[in-house]
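This report refers to the structure that appears directly beneath it.
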Amino acid sequence: MDPFGFGPYAAYIYGSYGASFAIFGGLILWTLHRNSRVRRELAAAEASARKPSAAE
Amino acid sequence: MNNSIWTFANPHNFMRLSGVVAPWAAALAAITLAIGLGWSLFATPPDYQQKETIKIFFIHVPAAMMAVNIYAVMVIASLIGLIRSHPVSHLVAKAAAPIGAAFTLVAIITGALWGQPMWGAWWVWDARLTSVLILLFFYLGYLALWNAIEDPVKAADLASILCLVGSLFAFMSRYAVEFWNTLHQGASLSLDKESHVADVYYAPLLVMILGVYLLFIALLMVGVRTEIRARRLRALRIAQIGQADAALTRTAAAGNPASAQ
Amino acid sequence: MKAVFLRDLRLAFRLGGGAGQSLAFFLIAITLLALGVGPAPDLLSRLAPGALWVFALLACLLSLDRLFQADYEDGSLDHLLLAPTPLEGVALAKSAAHWLTTAAPLALFAPVLGAMLNLPDAAMGTLVTALLLGTPALSLIGAIGAALTVGVRRGGLLLSLLVLPLYLPTLIFGAMAVRAAAEGLPVLEPLALLGALTLGCAALGPFAAAAALRINLS
């Protein structure tokens, strides 16, 4: 279970980098997801604001 | 006037600038971090004292640095936001907070994973570890206040006050904890690595630090863009609800004069 | 300012006495601690300085969320905003009333509670001094938190998340003074730091609280 040959402390090193990648990966995905969702909703809201007659 | 930094306090200008900066920062961050990780993980020798666990430092040190620096960014942004009431400034502080909390969490987790083999314990109440934990509480409190208040303008000002007051107390806590620690615990194996890091480790560490800075800039830009759009979305929705309400009362008044009274 | 102070005091006493309630809370918390960790006297006496301070913090925190909220909801805060007394003075008066009704009685009764936890007699004087010197800072810092969350319904948990990290320096110096006294060490340094902290909070707290109140009332 030590493909990179980190020696006796390999588990701690893998753990550190694994946890860091998980946290940053989660942060990046959350940021991008939120960004695209807000973009989509804003585009929809702007489109419906441009055609006020459609709402009535 | 056009060259002034305050130009970017205008949301429109900020969107234009950040639209260019964000992808570049993200690409550079990816390249720098790839080089830094490869170098620090596979091209550095084990330390004579810490053996291979030195490799944890290449992520721990930059994360701990960013944990403090991002809070400083928030303090400056809050101060500018309060004094000059630039909306973008408040949003910079808001977008920086989750990134800072993530870096703080990484610093704590990697510190614990380093501490277990080196100190024989996952957690010791060392002055540095305790201060970083306290910093995490400040990030969480700041985020919680933003989430709790509905009106974004009030939330921005209140969160800025909290951030400024918090920075004073975070600073004081740091010294109080040091004072507390030196009186009631023996000196533990020092985490003070910046001062005696050998050159072989220093160069890849610098690359990693540059990488996390770029990552922070990229994430911050995307985050602020999201916040600016979210605010515009909110304004549009409120306007639409207002229109819909007006339309409703108009039709109600026309259809049934008695009910409109 | 004096009127606000007296009015808050009267209200606190009429509503079942904030002082009595926080004393009862203190007593229950200490009983829970003793039941939780066991009755060993040496263990209790080692825990006593920190535990008494932590309970004082919590007792203070529990009564904070109503500090401005009642006045915010019934609109008297809007009147106070227009009154000739600056809002900073109102915040200071309210912090003082809060301290007098919650923390000051705790400080005076602390020797009894300390004795229940086997705190050495030598530390009693320092315990009272430290609480009297340090707890005003808790009320003053708490006023900032209460002003920030005055518009939030059910902000109790949020308030504790905001305020407890700000209480850390007070807790550290306060418990340190009592522990030093129990071990026969000099107590002047932590007590001086504690006093400095309270003075600093008295200078800063009312301004931050008033600024937050103005934003909330706008």
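Chain lettering (A, B, ...) mirrors the order of the structure tokens, residue numbering begins at 1 for each chain separately, and ligand numbering begins at 1 in order of display.
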
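Close contacts of B:Ile217, defined as residues with an atom at most 10 Å away when counting only C-alpha atoms, with chain neighbours fewer than 6 positions off set aside, comprise Ser18, Val21, Ala22, Trp24, Ala25, Ala26, Ala29, Ala96, Gly211 and Gly223 of chain B.
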
Could you dump the residues just selected with N, CA and C atoms as a JSON list (two decimals), in the first residue's frame?
```json
[["chain", "number", "residue", "atom", "x", "y", "z"],
["B", 18, "SER", "N", -12.09, 40.56, -13.59],
["B", 18, "SER", "CA", -12.02, 39.21, -13.03],
["B", 18, "SER", "C", -12.27, 38.16, -14.09],
["B", 21, "VAL", "N", -8.83, 37.72, -15.33],
["B", 21, "VAL", "CA", -7.84, 37.23, -14.36],
["B", 21, "VAL", "C", -8.14, 35.80, -13.93],
["B", 22, "ALA", "N", -9.43, 35.48, -13.68],
["B", 22, "ALA", "CA", -9.76, 34.18, -13.09],
["B", 22, "ALA", "C", -9.23, 32.99, -13.89],
["B", 24, "TRP", "N", -6.80, 32.82, -16.07],
["B", 24, "TRP", "CA", -5.33, 32.82, -16.06],
["B", 24, "TRP", "C", -4.80, 32.35, -14.70],
["B", 25, "ALA", "N", -5.38, 32.88, -13.64],
["B", 25, "ALA", "CA", -4.92, 32.48, -12.30],
["B", 25, "ALA", "C", -5.15, 30.99, -12.09],
["B", 26, "ALA", "N", -6.30, 30.50, -12.55],
["B", 26, "ALA", "CA", -6.60, 29.07, -12.36],
["B", 26, "ALA", "C", -5.60, 28.22, -13.12],
["B", 29, "ALA", "N", -2.26, 28.43, -11.46],
["B", 29, "ALA", "CA", -2.29, 27.69, -10.20],
["B", 29, "ALA", "C", -2.14, 26.20, -10.46],
["B", 96, "ALA", "N", -13.92, 35.42, 0.40],
["B", 96, "ALA", "CA", -12.64, 34.92, 0.91],
["B", 96, "ALA", "C", -12.85, 33.99, 2.10],
["B", 211, "GLY", "N", 1.82, 28.57, -5.63],
["B", 211, "GLY", "CA", 0.67, 27.84, -6.16],
["B", 211, "GLY", "C", -0.60, 28.09, -5.37],
["B", 223, "GLY", "N", -15.50, 33.38, -6.86],
["B", 223, "GLY", "CA", -16.46, 33.56, -5.77],
["B", 223, "GLY", "C", -17.08, 34.95, -5.80]]
```

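Excluding B:Thr32 itself and same-chain residues fewer than 4 positions from it, the residues having an atom within 8 Å of it are B:Leu28, B:Gly36, B:Val207, B:Met208, B:Leu210, B:Gly211, counting only C-alpha atoms.
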
Residues of chain B within 8 Å of chain C: nearest atom pair and distance (Å, one decimal) for each, counting only C-alpha atoms, sorted by chain and number, as JSON lines?
```
{"residue": "B:Ile134", "atom": "CA", "partner": "C:Pro165", "partner_atom": "CA", "distance": 6.8}
{"residue": "B:Phe137", "atom": "CA", "partner": "C:Pro165", "partner_atom": "CA", "distance": 6.5}
{"residue": "B:Phe138", "atom": "CA", "partner": "C:Pro165", "partner_atom": "CA", "distance": 6.8}
{"residue": "B:Leu140", "atom": "CA", "partner": "C:Leu161", "partner_atom": "CA", "distance": 7.8}
{"residue": "B:Gly141", "atom": "CA", "partner": "C:Leu162", "partner_atom": "CA", "distance": 5.0}
{"residue": "B:Tyr142", "atom": "CA", "partner": "C:Leu162", "partner_atom": "CA", "distance": 7.5}
{"residue": "B:Ala144", "atom": "CA", "partner": "C:Leu158", "partner_atom": "CA", "distance": 6.8}
{"residue": "B:Leu145", "atom": "CA", "partner": "C:Leu158", "partner_atom": "CA", "distance": 7.2}
{"residue": "B:Ala148", "atom": "CA", "partner": "C:Val152", "partner_atom": "CA", "distance": 6.7}
{"residue": "B:Ile149", "atom": "CA", "partner": "C:Val152", "partner_atom": "CA", "distance": 6.6}
{"residue": "B:Lys154", "atom": "CA", "partner": "C:Ile215", "partner_atom": "CA", "distance": 6.2}
{"residue": "B:Asp157", "atom": "CA", "partner": "C:Ile215", "partner_atom": "CA", "distance": 7.1}
{"residue": "B:Leu158", "atom": "CA", "partner": "C:Ala212", "partner_atom": "CA", "distance": 6.0}
{"residue": "B:Ile161", "atom": "CA", "partner": "C:Ala208", "partner_atom": "CA", "distance": 7.0}
{"residue": "B:Leu162", "atom": "CA", "partner": "C:Leu148", "partner_atom": "CA", "distance": 7.8}
{"residue": "B:Val165", "atom": "CA", "partner": "C:Ala208", "partner_atom": "CA", "distance": 7.7}
{"residue": "B:Gly166", "atom": "CA", "partner": "C:Leu166", "partner_atom": "CA", "distance": 6.9}
{"residue": "B:Phe169", "atom": "CA", "partner": "C:Leu166", "partner_atom": "CA", "distance": 5.8}
{"residue": "B:Ala170", "atom": "CA", "partner": "C:Leu166", "partner_atom": "CA", "distance": 7.7}
{"residue": "B:Met172", "atom": "CA", "partner": "C:Pro169", "partner_atom": "CA", "distance": 6.6}
{"residue": "B:Ser173", "atom": "CA", "partner": "C:Pro169", "partner_atom": "CA", "distance": 5.3}
{"residue": "B:Ala176", "atom": "CA", "partner": "C:Pro169", "partner_atom": "CA", "distance": 5.8}
{"residue": "B:Val177", "atom": "CA", "partner": "C:Ile172", "partner_atom": "CA", "distance": 7.3}
{"residue": "B:Trp180", "atom": "CA", "partner": "C:Ile172", "partner_atom": "CA", "distance": 6.8}
```

**Q.** Shell of 9 Å around stretch 16-33 of chain A, only C-alpha atoms, local chain residues under 2 positions omitted, as a PyMOL selection string
**A.** (chain A and resi 11-14+35-38) or (chain B and resi 56+59-60+98-99+102-103+105-107+109-114+219+222-223+226)

Q | Contacts of stretch 86-93 of chain C at 12 Å (only C-alpha atoms; same-chain gap of 4+ positions) as a PyMOL selection string | A | chain C and resi 1-9+67-68+71+76-82+97-100+136-137+139-147+201-215+217

Selection above as a file: C-alpha atoms, as a PDB file, in the first residue's frame:
```pdb
ATOM      1  CA  MET C   1     -28.050  57.013  30.129  1.00  0.00           C
ATOM      2  CA  LYS C   2     -28.658  56.706  33.822  1.00  0.00           C
ATOM      3  CA  ALA C   3     -32.357  56.234  33.105  1.00  0.00           C
ATOM      4  CA  VAL C   4     -31.620  53.352  30.699  1.00  0.00           C
ATOM      5  CA  PHE C   5     -29.347  51.781  33.274  1.00  0.00           C
ATOM      6  CA  LEU C   6     -31.939  52.001  36.083  1.00  0.00           C
ATOM      7  CA  ARG C   7     -34.744  50.840  33.807  1.00  0.00           C
ATOM      8  CA  ASP C   8     -32.782  47.735  32.787  1.00  0.00           C
ATOM      9  CA  LEU C   9     -31.948  46.985  36.399  1.00  0.00           C
ATOM     10  CA  LEU C  67     -29.940  42.391  25.969  1.00  0.00           C
ATOM     11  CA  PHE C  68     -31.192  44.482  23.042  1.00  0.00           C
ATOM     12  CA  ASP C  71     -36.146  46.838  23.097  1.00  0.00           C
ATOM     13  CA  SER C  76     -37.966  51.410  22.235  1.00  0.00           C
ATOM     14  CA  LEU C  77     -34.598  51.093  20.565  1.00  0.00           C
ATOM     15  CA  ASP C  78     -35.797  53.381  17.786  1.00  0.00           C
ATOM     16  CA  HIS C  79     -36.711  55.948  20.445  1.00  0.00           C
ATOM     17  CA  LEU C  80     -33.326  55.551  22.070  1.00  0.00           C
ATOM     18  CA  LEU C  81     -31.710  56.160  18.677  1.00  0.00           C
ATOM     19  CA  LEU C  82     -33.477  59.532  18.479  1.00  0.00           C
ATOM     20  CA  ALA C  97     -26.844  46.660  33.933  1.00  0.00           C
ATOM     21  CA  HIS C  98     -26.238  43.224  32.444  1.00  0.00           C
ATOM     22  CA  TRP C  99     -23.038  42.863  34.420  1.00  0.00           C
ATOM     23  CA  LEU C 100     -24.657  43.972  37.678  1.00  0.00           C
ATOM     24  CA  PRO C 136     -17.238  43.331  32.898  1.00  0.00           C
ATOM     25  CA  ALA C 137     -15.298  42.508  29.714  1.00  0.00           C
ATOM     26  CA  SER C 139     -20.744  41.869  29.301  1.00  0.00           C
ATOM     27  CA  LEU C 140     -19.104  44.496  27.105  1.00  0.00           C
ATOM     28  CA  ILE C 141     -18.027  41.980  24.444  1.00  0.00           C
ATOM     29  CA  GLY C 142     -21.390  40.291  24.730  1.00  0.00           C
ATOM     30  CA  ALA C 143     -23.099  43.587  23.951  1.00  0.00           C
ATOM     31  CA  ILE C 144     -21.287  43.657  20.589  1.00  0.00           C
ATOM     32  CA  GLY C 145     -22.532  40.163  19.796  1.00  0.00           C
ATOM     33  CA  ALA C 146     -26.052  40.950  20.988  1.00  0.00           C
ATOM     34  CA  ALA C 147     -26.115  44.117  18.858  1.00  0.00           C
ATOM     35  CA  CYS C 201     -13.346  46.409  26.038  1.00  0.00           C
ATOM     36  CA  ALA C 202     -14.983  49.348  27.813  1.00  0.00           C
ATOM     37  CA  ALA C 203     -13.317  51.654  25.300  1.00  0.00           C
ATOM     38  CA  LEU C 204     -14.134  49.560  22.236  1.00  0.00           C
ATOM     39  CA  GLY C 205     -17.304  47.611  23.023  1.00  0.00           C
ATOM     40  CA  PRO C 206     -19.913  50.419  23.230  1.00  0.00           C
ATOM     41  CA  PHE C 207     -18.734  51.913  19.916  1.00  0.00           C
ATOM     42  CA  ALA C 208     -18.847  48.596  18.063  1.00  0.00           C
ATOM     43  CA  ALA C 209     -22.215  47.724  19.629  1.00  0.00           C
ATOM     44  CA  ALA C 210     -23.684  51.135  18.775  1.00  0.00           C
ATOM     45  CA  ALA C 211     -22.420  50.876  15.183  1.00  0.00           C
ATOM     46  CA  ALA C 212     -24.028  47.467  14.828  1.00  0.00           C
ATOM     47  CA  LEU C 213     -27.301  48.740  16.337  1.00  0.00           C
ATOM     48  CA  ARG C 214     -27.379  51.678  13.908  1.00  0.00           C
ATOM     49  CA  ILE C 215     -26.962  49.310  10.958  1.00  0.00           C
ATOM     50  CA  LEU C 217     -32.090  49.968  12.837  1.00  0.00           C
TER      51      LEU C 217
END
```
